[in-house]
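Student: Below is target_14.cif; it holds mmCIF, C-alpha atoms.
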data_structure
loop_
_atom_site.label_atom_id
_atom_site.label_comp_id
_atom_site.auth_asym_id
_atom_site.auth_seq_id
_atom_site.Cartn_x
_atom_site.Cartn_y
_atom_site.Cartn_z
CA ALA A 1 83.35 132.11 57.46
CA SER A 2 87.08 132.59 57.07
CA ARG A 3 89.40 131.42 59.80
CA ALA A 4 91.12 133.94 62.02
CA ALA A 5 94.77 134.61 61.18
CA GLY A 6 97.51 135.21 63.70
CA ARG A 7 101.07 134.69 64.81
CA ARG A 8 103.06 134.83 68.02
CA THR A 9 106.61 134.83 69.35
CA ALA A 10 107.66 132.99 72.50
CA GLY A 11 108.38 134.74 75.75
CA PHE A 12 111.35 133.90 77.97
CA ALA A 13 111.46 133.83 81.76
CA GLY A 14 115.12 134.90 82.01
CA THR A 15 118.13 133.35 83.67
CA GLY A 16 118.08 134.84 87.14
CA ALA A 17 117.78 137.68 89.60
CA GLY A 18 119.32 141.11 89.33
CA SER A 19 122.30 140.43 91.56
CA ALA A 20 124.15 139.39 88.41
CA ARG A 21 123.98 142.58 86.34
CA PRO A 22 124.13 141.87 82.61
CA ALA A 23 127.14 142.93 80.58
CA HIS A 24 126.89 146.52 79.30
CA ALA A 25 124.14 147.43 81.78
CA ARG A 26 125.03 150.50 83.80
CA PRO A 27 125.07 150.35 87.62
CA ALA A 28 121.93 151.80 89.15
CA HIS A 29 121.81 154.89 91.26
CA ALA A 30 118.91 156.53 93.04
CA GLY A 31 118.65 159.65 90.92
CA PRO A 32 115.92 162.27 91.13
CA ARG A 33 112.44 161.30 90.09
CA ALA A 34 111.25 162.53 86.74
CA THR A 35 109.07 165.60 87.17
CA ALA A 36 105.96 164.34 85.40
CA PRO A 37 104.80 161.19 83.67
CA GLY A 38 104.29 160.91 79.97
CA GLY A 39 100.70 160.91 78.81
CA THR A 40 98.22 162.51 76.46
CA GLY A 41 94.92 161.09 77.69
CA ILE A 42 93.10 160.63 80.97
CA GLN A 43 93.75 157.23 82.46
CA SER A 44 91.01 155.63 84.49
CA ILE A 45 90.51 153.68 87.65
CA ILE A 46 87.60 151.33 87.02
CA ALA A 47 86.33 151.22 90.61
CA PRO A 48 87.26 149.55 92.79
CA ASP A 49 90.97 150.10 92.26
CA GLY A 50 92.45 146.63 91.77
CA ARG A 51 96.11 147.59 91.58
CA VAL A 52 98.50 145.71 93.87
CA GLN A 53 102.12 146.65 94.48
CA VAL A 54 104.69 144.27 93.04
CA THR A 55 107.32 143.72 95.71
CA GLY A 56 109.32 140.97 93.98
CA THR A 57 110.39 142.83 90.85
CA THR A 58 113.38 140.56 90.21
CA ALA A 59 111.00 137.69 89.43
CA TYR A 60 109.49 137.25 85.96
CA PRO A 61 107.31 138.77 84.58
CA ALA A 62 107.83 141.87 86.76
CA SER A 63 111.49 141.86 85.75
CA ALA A 64 110.45 142.37 82.10
CA ASP A 65 108.40 145.49 82.93
CA VAL A 66 110.56 148.59 82.61
CA TYR A 67 110.58 152.11 84.01
CA VAL A 68 111.59 154.53 81.24
CA THR A 69 112.92 158.02 81.96
CA TYR A 70 113.58 160.64 79.31
CA THR A 71 114.02 164.34 78.57
CA ARG A 72 111.32 166.26 76.71
CA PRO A 73 112.20 168.80 74.01
CA ASN A 74 111.55 171.62 76.51
CA GLY A 75 114.15 170.18 78.88
CA SER A 76 111.78 168.78 81.51
CA THR A 77 111.98 165.13 82.47
CA GLY A 78 109.29 162.48 82.28
CA TRP A 79 108.71 158.79 82.68
CA CYS A 80 106.61 156.03 81.17
CA THR A 81 106.35 152.27 81.36
CA GLY A 82 107.53 149.79 78.74
CA TRP A 83 108.07 146.06 78.39
CA LEU A 84 110.83 143.90 77.04
CA TYR A 85 109.77 141.73 74.11
CA ALA A 86 113.31 140.58 73.20
CA ALA A 87 116.69 140.58 74.92
CA ASN A 88 117.45 144.11 73.70
CA ALA A 89 114.08 145.58 72.66
CA VAL A 90 111.27 147.39 74.50
CA ALA A 91 107.71 148.19 73.44
CA THR A 92 106.03 151.35 74.73
CA ALA A 93 103.44 153.97 73.78
CA GLY A 94 104.17 156.32 70.91
CA HIS A 95 103.62 159.39 73.05
CA CYS A 96 106.36 158.19 75.40
CA ALA A 97 108.82 158.58 72.53
CA HIS A 98 107.36 161.44 70.44
CA SER A 99 104.80 164.10 71.31
CA GLY A 100 102.78 163.28 68.20
CA GLY A 101 101.88 165.04 64.97
CA SER A 102 103.92 166.96 62.41
CA GLY A 103 104.48 169.75 64.93
CA GLY A 104 105.69 167.34 67.58
CA ALA A 105 109.20 166.28 68.53
CA TRP A 106 111.15 163.32 69.85
CA ASN A 107 112.08 162.92 73.47
CA THR A 108 115.75 162.20 74.19
CA ASN A 109 118.07 160.72 76.83
CA PHE A 110 116.00 157.59 77.32
CA THR A 111 117.08 155.28 80.13
CA VAL A 112 115.43 151.92 80.74
CA HIS A 113 115.30 150.37 84.24
CA PRO A 114 113.97 146.78 84.15
CA GLY A 115 112.17 145.70 87.30
CA ARG A 116 112.53 149.12 88.95
CA ASP A 117 111.52 148.99 92.62
CA GLY A 118 111.34 152.41 94.23
CA GLY A 119 114.88 153.77 94.39
CA SER A 120 116.39 150.45 93.34
CA SER A 121 117.16 149.22 89.82
CA PRO A 122 118.10 145.59 90.53
CA PHE A 123 119.20 144.96 86.94
CA GLY A 124 120.95 148.29 86.47
CA SER A 125 119.87 150.41 83.53
CA CYS A 126 120.32 150.47 79.77
CA GLY A 127 120.55 153.25 77.26
CA VAL A 128 118.62 153.36 73.99
CA SER A 129 120.51 153.17 70.71
CA ASN A 130 117.49 153.60 68.40
CA THR A 131 113.95 154.91 68.89
CA PHE A 132 111.12 153.96 66.53
CA SER A 133 107.50 154.85 65.87
CA VAL A 134 105.22 155.15 62.83
CA THR A 135 103.96 158.11 60.79
CA GLY A 136 100.41 157.45 61.96
CA TRP A 137 101.66 158.79 65.29
CA THR A 138 104.63 161.04 64.51
CA GLN A 139 102.91 162.82 61.60
CA ASN A 140 99.17 162.39 62.28
CA ALA A 141 98.95 161.96 66.08
CA ASN A 142 96.37 159.24 65.46
CA ALA A 143 95.65 157.39 68.71
CA GLU A 144 95.19 154.13 66.80
CA TYR A 145 98.90 154.24 65.91
CA ASP A 146 100.18 155.29 69.33
CA TYR A 147 103.06 152.84 69.76
CA ALA A 148 106.85 152.97 69.74
CA GLY A 149 109.88 150.80 70.29
CA PHE A 150 113.38 151.09 71.72
CA LYS A 151 116.48 149.19 70.65
CA LEU A 152 118.67 148.93 73.73
CA ASN A 153 122.45 149.12 73.95
CA CYS A 154 122.51 146.01 76.14
CA SER A 155 120.85 142.59 76.18
CA VAL A 156 119.39 142.80 79.68
CA GLY A 157 116.46 140.61 78.63
CA ASP A 158 118.72 137.57 78.65
CA THR A 159 118.67 137.96 82.44
CA THR A 160 115.27 139.53 83.09
CA GLY A 161 113.31 137.59 80.49
CA TRP A 162 110.86 139.09 78.05
CA TYR A 163 107.25 138.88 76.94
CA GLY A 164 106.10 137.03 73.87
CA MET A 165 104.03 138.97 71.38
CA SER A 166 100.85 137.88 69.64
CA TRP A 167 98.50 139.17 66.96
CA THR A 168 95.23 137.72 65.77
CA THR A 169 92.35 138.86 63.62
CA ALA A 170 89.92 137.09 65.98
CA SER A 171 87.89 138.89 68.62
CA LEU A 172 89.60 138.98 72.01
CA ASP A 173 86.49 140.00 73.93
CA GLY A 174 86.44 138.43 77.38
CA THR A 175 90.13 137.49 77.33
CA ALA A 176 91.67 137.63 80.82
CA VAL A 177 94.51 140.18 80.84
CA GLY A 178 96.97 141.72 83.23
CA SER A 179 99.33 144.67 83.24
CA SER A 180 102.10 146.15 85.39
CA GLY A 181 103.48 149.66 85.38
CA TYR A 182 104.73 152.72 87.21
CA PRO A 183 101.82 155.03 88.17
CA GLN A 184 102.15 158.65 89.21
CA ASP A 185 99.85 158.32 92.22
CA LYS A 186 102.04 155.77 94.02
CA PRO A 187 105.50 156.05 95.65
CA ALA A 188 108.19 156.99 93.14
CA GLY A 189 109.39 154.16 90.92
CA THR A 190 107.21 151.46 92.47
CA GLN A 191 105.62 148.86 90.23
CA TRP A 192 101.91 148.04 90.45
CA SER A 193 99.98 145.22 88.81
CA THR A 194 96.31 144.78 87.92
CA THR A 195 94.12 142.18 86.20
CA SER A 196 90.83 142.34 84.30
CA SER A 197 89.52 141.43 80.83
CA ILE A 198 89.15 142.76 77.29
CA SER A 199 85.79 144.50 76.96
CA ALA A 200 85.85 145.31 73.23
CA SER A 201 88.05 144.36 70.27
CA HIS A 202 88.56 147.16 67.74
CA PRO A 203 90.70 146.80 64.59
CA ARG A 204 93.61 148.81 66.02
CA GLN A 205 92.78 149.11 69.72
CA LEU A 206 91.68 146.83 72.56
CA ALA A 207 89.40 148.22 75.25
CA HIS A 208 90.05 146.85 78.74
CA HIS A 209 89.17 147.40 82.38
CA LEU A 210 92.70 147.39 83.76
CA ASP A 211 93.15 150.16 86.34
CA THR A 212 95.66 152.72 85.09
CA VAL A 213 96.79 156.31 85.70
CA GLY A 214 99.52 158.51 84.24
CA GLY A 215 102.95 156.90 84.21
CA GLN A 216 101.53 153.50 83.29
CA ASP A 217 101.33 154.54 79.62
CA GLY A 218 103.27 152.06 77.50
CA SER A 219 102.67 149.12 79.81
CA VAL A 220 101.93 145.67 78.46
CA VAL A 221 98.42 144.30 78.12
CA ARG A 222 99.31 140.65 78.62
CA ALA A 223 97.40 137.41 78.21
CA ALA A 224 98.25 133.77 78.78
CA GLY A 225 100.26 131.98 76.09
CA CYS A 226 103.53 132.46 74.21
CA SER A 227 105.20 129.93 76.59
CA THR A 228 105.10 132.62 79.31
CA PHE A 229 102.83 135.61 78.58
CA CYS A 230 101.78 137.27 75.33
CA GLY A 231 101.78 141.03 74.89
CA ILE A 232 98.58 141.68 72.92
CA ALA A 233 98.42 145.50 73.23
CA VAL A 234 100.35 148.54 74.47
CA HIS A 235 98.33 150.51 77.01
CA ALA A 236 97.92 154.14 75.94
CA TYR A 237 94.61 155.83 76.86
CA GLY A 238 91.73 156.14 79.28
CA HIS A 239 88.12 156.59 78.24
CA GLY A 240 86.27 157.06 81.51
CA ASP A 241 84.51 153.72 81.93
CA HIS A 242 87.33 151.78 80.23
CA ASN A 243 90.92 152.08 79.08
CA ARG A 244 92.49 151.33 75.71
CA GLY A 245 95.68 149.88 74.36
CA THR A 246 97.14 149.97 70.87
CA ARG A 247 96.41 146.49 69.55
CA ILE A 248 99.20 144.24 68.31
CA THR A 249 98.03 143.79 64.73
CA GLU A 250 99.90 142.03 61.96
CA ALA A 251 101.52 145.33 60.92
CA VAL A 252 102.40 146.33 64.50
CA PHE A 253 103.85 142.87 65.12
CA ALA A 254 105.98 143.11 61.97
CA ASN A 255 107.31 146.53 62.95
CA TYR A 256 108.27 145.38 66.42
CA GLN A 257 110.09 142.34 65.05
CA ASN A 258 112.00 144.53 62.60
CA TRP A 259 112.86 147.11 65.27
CA ARG A 260 114.60 144.53 67.46
CA LEU A 261 117.08 143.51 64.73
#
Would you write out, as structure tokens, the structure that this file holds?
Tutor:
Amino acid sequence: ASRAAGRRTAGFAGTGAGSARPAHARPAHAGPRATAPGGTGIQSIIAPDGRVQVTGTTAYPASADVYVTYTRPNGSTGWCTGWLYAANAVATAGHCAHSGGSGGAWNTNFTVHPGRDGGSSPFGSCGVSNTFSVTGWTQNANAEYDYAGFKLNCSVGDTTGWYGMSWTTASLDGTAVGSSGYPQDKPAGTQWSTTSSISASHPRQLAHHLDTVGGQDGSVVRAAGCSTFCGIAVHAYGHGDHNRGTRITEAVFANYQNWRL
């Protein structure tokens, strides 16, 4: 049998708390909540609900989980979750950036709030200078390609830290995983964390039992490793008795590394 291939980048725990706002980050203000979360599928609570509120969002890794607000083409506002994987780069779901398919359109006015905690953005906020996805999502709306990336106009990750990223051709079944995000059924802008395991490894998706609802789309599926934590998938969909994330494959990994340059 051939050996499994793979590669990873190292994570970074950051240099400190949000009291020292990074250069180029905008001061935070408690603006209105986005009207509705981003999302195209039904997210699932795999009973019992194991989500726990994160109250120390200035500590890594919560500081590397980001609340993303944006404007849809119809003018309404929405939000998703994302995660820093470099000082100035965020991974998220494709449908948080583009509605999907050749008849779809890009969202605009993205603002990234690392470690958002209710009405507080302890690290300020950053704008997005470039938005990326792949034709599998933007032209074909194929759920297996539902991922996107943001290049930020600041290097907030130097302060907040970031996740490593890992791909492997090996099965990840049974791998212990965690995730944190910003769900629609909890107080506005609060971060919630959950843990579980990978239940099935598909070529371009990982099935998991992390509890998620709308608003948590784009959140990291993280595992141990990468010096801190490895992002191994981008959460995107619910399937009733399990949820799914877009798997970090060799091609996805390569795109994300190129998008941060």
Student: Residue by residue, what does the PyMOL selection byres ((chain A and resi 163-178) around 6) grab here? Present the result as a PyMOL selection string.
Tutor: chain A and resi 4-11+85+162+179+194-201+221-223+226+229-232+248-250
Student: For the file shown, report as number ranges by chain the outcome of the PyMOL selection byres ((chain A and resi 46-60) around 9) at residue level.
Tutor: A: 12-14, 16-18, 44-45, 61-65, 114-117, 122-123, 160-162, 180, 190-196, 209-212, 240-243
Student: Check what the PyMOL selection byres ((chain A and resi 145-159) around 7) selects in the file above and give those residues as a PyMOL selection string.
Tutor: chain A and resi 14-16+22+24-25+84+86-95+97+126-133+136-137+142-144+160-162+234+246+256+259-260
Student: Measure the distance from CA of Val213 (chain A) to CA of Thr111 (chain A) in Å and round it to one decimal.
Tutor: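 Interatomic distance here is 21.1 Å.
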Student: Pull the neighbourhood of (101.7, 155.4, 85.6) for me: all residues within 10 Å in file coordinates, counting all atoms listed in the file, as a ChimeraX atom specification.
Tutor: /A:36-39,43,67,79-81,180-186,189-192,212-219
Student: Figure out the distance between CA of His208 (chain A) and CA of Gly100 (chain A), please, to one decimal in Å.
Tutor: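 Value for the CA of Gly100 (chain A)-CA of His208 (chain A) distance: 23.3 Å.
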Student: Work out how far apart CA of Gly75 (chain A) and CA of Ala105 (chain A) are and give it in Å to one decimal.
Tutor: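 Atom-to-atom, CA of Gly75 (chain A) and CA of Ala105 (chain A) are spaced 12.1 Å apart.
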